[in-house]
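First comes the structure, then the notes that go with it.
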Amino acid sequence: MKRIDLQSCLDELLVCASFKDYCPNGLQVEGRDPIQRILCGVTASLALIEEAIKCEADAIVVHHGWFWRGDDPCVTGTRKARLAKLLAHDINLFAYHLPLDAHPVYGNNVQLAKVLGWQPTGPARQEPLLMLGRVEHPIGAGEVARSVAARLAREPLLVGDASRKVSTVAWCTGGGQGFFEQAIDAGADLFLSGEVSEKTVHLARESGVPFIAAGHHATERYGIQALAGFLAEKGLEAAFLDLDNPV
């Protein structure tokens, strides 16, 4: 597939133009043309780039790319090392951040719900990144946390009343803890995100709504994995590589 066709396909699929993001979505580093072999991963780390070189990938597609708002723009240190490898091997880098979080089919929120066995009822009003839904049957927050641990193969942090019965849930993958108050206002019995902030603990205790921090990487593996499947259906050699990250 031509580079420009792949870019158009992904940009349109993920409706990139409708998002104001903290980084550029789409093609971030131009490489060879055309593209046939693609390696997908959560983050465009040096380790992922080196794996792409080993498998002779023409492109890397990730959720966490480069050029974040507020970053030092100088190409030095680790930034130089990563970029130098991509350019030396003529590998394209595509990144999709918020558009991949929110997508109704391939998005991180929807895909995480599939893994956890939750039934989404839709995004919160006026906030497409906050997902609302239900568990299969009412269970205690502690039991929800144990289920999350088993399904994500990672021990989460549960803050708040472990005995509270949970029917309705709200979640936002990655660094979505800032939506906790909106989740409470929406009537959620429990909120889950990837990360936790100091103030999150107090809000969980004072509101009575338990909070689960399940890991930024752990909650955002599934959207990019689903996107790899989409690309494979297009006739491309697309594979997902999960590089361990404890955070």
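Lettering and numbering for the structure tokens are positional, with chains as A, B, ... in the shown order, residues counted from 1 in each chain, and ligands counted from 1 in the shown order.
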For this session: Determine which residues of stretch 70-161 of chain A receive a DSSP assignment of helix (DSSP H, G or I), computed from the backbone, and state them as an NGL selection string.
Result: :A and (77-88 or 98-102 or 108-116 or 141-152)
Can those selected residues be exported to a file as a PDB file, in the first residue's frame so that it contains C-alpha atoms?
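Saved the output as out.pdb:
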```pdb
ATOM      1  CA  GLY A  77      19.807  12.244  23.812  1.00  0.00           C
ATOM      2  CA  THR A  78      17.150   9.536  23.619  1.00  0.00           C
ATOM      3  CA  ARG A  79      15.173  11.513  21.011  1.00  0.00           C
ATOM      4  CA  LYS A  80      18.201  11.534  18.707  1.00  0.00           C
ATOM      5  CA  ALA A  81      18.815   7.811  19.265  1.00  0.00           C
ATOM      6  CA  ARG A  82      15.248   6.895  18.357  1.00  0.00           C
ATOM      7  CA  LEU A  83      14.993   9.197  15.353  1.00  0.00           C
ATOM      8  CA  ALA A  84      18.407   8.190  14.023  1.00  0.00           C
ATOM      9  CA  LYS A  85      17.386   4.513  13.957  1.00  0.00           C
ATOM     10  CA  LEU A  86      14.147   5.268  12.094  1.00  0.00           C
ATOM     11  CA  LEU A  87      15.852   7.457   9.509  1.00  0.00           C
ATOM     12  CA  ALA A  88      18.791   5.107   9.002  1.00  0.00           C
ATOM     13  CA  LEU A  98      -6.826  10.472  21.409  1.00  0.00           C
ATOM     14  CA  PRO A  99      -8.438   9.259  18.154  1.00  0.00           C
ATOM     15  CA  LEU A 100      -7.477   5.698  19.095  1.00  0.00           C
ATOM     16  CA  ASP A 101      -8.693   6.105  22.682  1.00  0.00           C
ATOM     17  CA  ALA A 102     -12.170   7.159  21.600  1.00  0.00           C
ATOM     18  CA  ASN A 108      -8.775   1.617  23.788  1.00  0.00           C
ATOM     19  CA  ASN A 109     -11.895   2.184  25.886  1.00  0.00           C
ATOM     20  CA  VAL A 110     -14.086  -0.176  23.885  1.00  0.00           C
ATOM     21  CA  GLN A 111     -11.408  -2.826  23.525  1.00  0.00           C
ATOM     22  CA  LEU A 112     -10.610  -2.739  27.256  1.00  0.00           C
ATOM     23  CA  ALA A 113     -14.297  -3.301  28.008  1.00  0.00           C
ATOM     24  CA  LYS A 114     -14.189  -6.459  25.874  1.00  0.00           C
ATOM     25  CA  VAL A 115     -11.223  -7.765  27.837  1.00  0.00           C
ATOM     26  CA  LEU A 116     -12.852  -6.971  31.193  1.00  0.00           C
ATOM     27  CA  ALA A 141     -15.457  -3.410  44.156  1.00  0.00           C
ATOM     28  CA  GLY A 142     -12.860  -5.779  45.569  1.00  0.00           C
ATOM     29  CA  GLU A 143     -14.114  -8.531  43.295  1.00  0.00           C
ATOM     30  CA  VAL A 144     -13.966  -6.135  40.334  1.00  0.00           C
ATOM     31  CA  ALA A 145     -10.330  -5.417  41.184  1.00  0.00           C
ATOM     32  CA  ARG A 146      -9.527  -9.147  41.355  1.00  0.00           C
ATOM     33  CA  SER A 147     -11.161  -9.682  37.976  1.00  0.00           C
ATOM     34  CA  VAL A 148      -9.147  -6.805  36.492  1.00  0.00           C
ATOM     35  CA  ALA A 149      -5.948  -8.327  37.886  1.00  0.00           C
ATOM     36  CA  ALA A 150      -6.708 -11.700  36.348  1.00  0.00           C
ATOM     37  CA  ARG A 151      -7.706 -10.356  32.945  1.00  0.00           C
ATOM     38  CA  LEU A 152      -4.877  -7.830  32.575  1.00  0.00           C
TER      39      LEU A 152
END
```
For this session: Show which residues sit within 10 Å of A:Leu39, as number ranges by chain. Count only C-alpha atoms, and ignore same-chain residues fewer than 4 positions away.
Result: A: 48-49, 51-53, 55-62, 93, 228, 237-241
Once you have the residues from the selection above, write them out as an mmCIF file, in the first residue's frame, restricted to C-alpha atoms.
```
data_model
loop_
_atom_site.group_PDB
_atom_site.id
_atom_site.type_symbol
_atom_site.label_atom_id
_atom_site.label_comp_id
_atom_site.auth_asym_id
_atom_site.auth_seq_id
_atom_site.Cartn_x
_atom_site.Cartn_y
_atom_site.Cartn_z
ATOM 1 C CA LEU A 48 10.064 -1.215 19.531
ATOM 2 C CA ILE A 49 12.096 0.469 16.786
ATOM 3 C CA GLU A 51 12.283 -4.924 16.856
ATOM 4 C CA ALA A 52 10.903 -3.258 13.724
ATOM 5 C CA ILE A 53 14.386 -3.213 12.236
ATOM 6 C CA CYS A 55 11.606 -7.894 11.289
ATOM 7 C CA GLU A 56 12.299 -5.511 8.372
ATOM 8 C CA ALA A 57 9.113 -3.529 8.936
ATOM 9 C CA ASP A 58 8.284 -0.710 6.551
ATOM 10 C CA ALA A 59 6.291 1.150 9.193
ATOM 11 C CA ILE A 60 5.568 1.341 12.899
ATOM 12 C CA VAL A 61 2.066 2.242 14.125
ATOM 13 C CA VAL A 62 1.695 3.214 17.789
ATOM 14 C CA LEU A 93 6.224 6.164 12.095
ATOM 15 C CA ALA A 228 -3.140 -4.282 13.862
ATOM 16 C CA GLU A 237 1.577 -7.905 7.137
ATOM 17 C CA ALA A 238 0.658 -6.305 10.451
ATOM 18 C CA ALA A 239 1.642 -7.635 13.871
ATOM 19 C CA PHE A 240 1.281 -6.340 17.424
ATOM 20 C CA LEU A 241 4.224 -6.532 19.828
#
```
Problem set entry | Spatial neighbours of A:Lys165, max dist 8 Å, only C-alpha atoms, sep filter under 6 positions, as a ChimeraX atom specification | /A:138-141,189
For this session: Quick one: everything within 12 Å of A:Ser197, counting only C-alpha atoms, minus sequence neighbours fewer than 5 positions away in the same chain. Send it as a ChimeraX atom specification.
Result: /A:157,159,175-180,202-204,211-213
Exercise. Taking only C-alpha atoms into account, which of A:Ala226, A:Ala153, A:Ile4, A:Cys9 comes nearest A:Pro34?
Worked result: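 Result for the nearest residue to A:Pro34: A:Ile4.
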For this session: For A:Arg221, please output as a ChimeraX atom specification all residues within 8 Å (counting only C-alpha atoms; exclusion window: fewer than 3 positions along the same chain).
Result: /A:41-42,108,217-218,224-225,242
Give me a file of those residues, with C-alpha atoms, as a PDB file, in the first residue's frame.
```pdb
ATOM      1  CA  GLY A  41       2.959  -1.291  19.620  1.00  0.00           C
ATOM      2  CA  VAL A  42       1.807   0.933  22.452  1.00  0.00           C
ATOM      3  CA  ASN A 108      -8.775   1.617  23.788  1.00  0.00           C
ATOM      4  CA  HIS A 217       0.321   0.566  29.480  1.00  0.00           C
ATOM      5  CA  ALA A 218      -1.851  -2.327  30.659  1.00  0.00           C
ATOM      6  CA  ILE A 224      -3.456  -0.749  18.965  1.00  0.00           C
ATOM      7  CA  GLN A 225      -3.720  -4.541  18.944  1.00  0.00           C
ATOM      8  CA  ASP A 242       3.580  -6.058  23.557  1.00  0.00           C
TER       9      ASP A 242
END
```
Problem set entry | Test item: residues at most 6 Å from A:Phe191, only C-alpha atoms, excluding those fewer than 2 positions along its chain, as a ChimeraX atom specification | /A:169-171,211
Can I get the selection written as a compact mmCIF listing (two decimals), in the first residue's frame, with N, CA and C atoms?
```
# COMPACT_ATOMS: atom_id res chain seq x y z
N VAL A 169 -20.32 1.23 35.82
CA VAL A 169 -18.90 1.55 35.84
C VAL A 169 -18.61 2.67 34.84
N ALA A 170 -17.52 3.37 35.08
CA ALA A 170 -17.01 4.36 34.13
C ALA A 170 -15.52 4.14 34.02
N TRP A 171 -14.96 4.42 32.86
CA TRP A 171 -13.53 4.20 32.69
C TRP A 171 -12.98 5.06 31.57
N PHE A 211 -12.03 3.70 43.22
CA PHE A 211 -11.20 4.01 42.05
C PHE A 211 -10.19 2.88 41.86
```
Exercise. With only C-alpha atoms as the atoms that count, which of A:Thr43, A:Trp118, A:His89, A:Pro156 lies nearest to A:Glu30?
Worked result: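 Closest to A:Glu30, using only C-alpha atoms: A:His89.
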Exercise. Within 8 Å of A:Gln28, counting only C-alpha atoms, which residues qualify if same-chain residues fewer than 3 places away don't, as a list in words?
Worked result: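 Within the cut-off, the hits are Pro24, Asn25, Gly65, Trp66, Asn92, Leu93, Phe94 and Ala95 of chain A.
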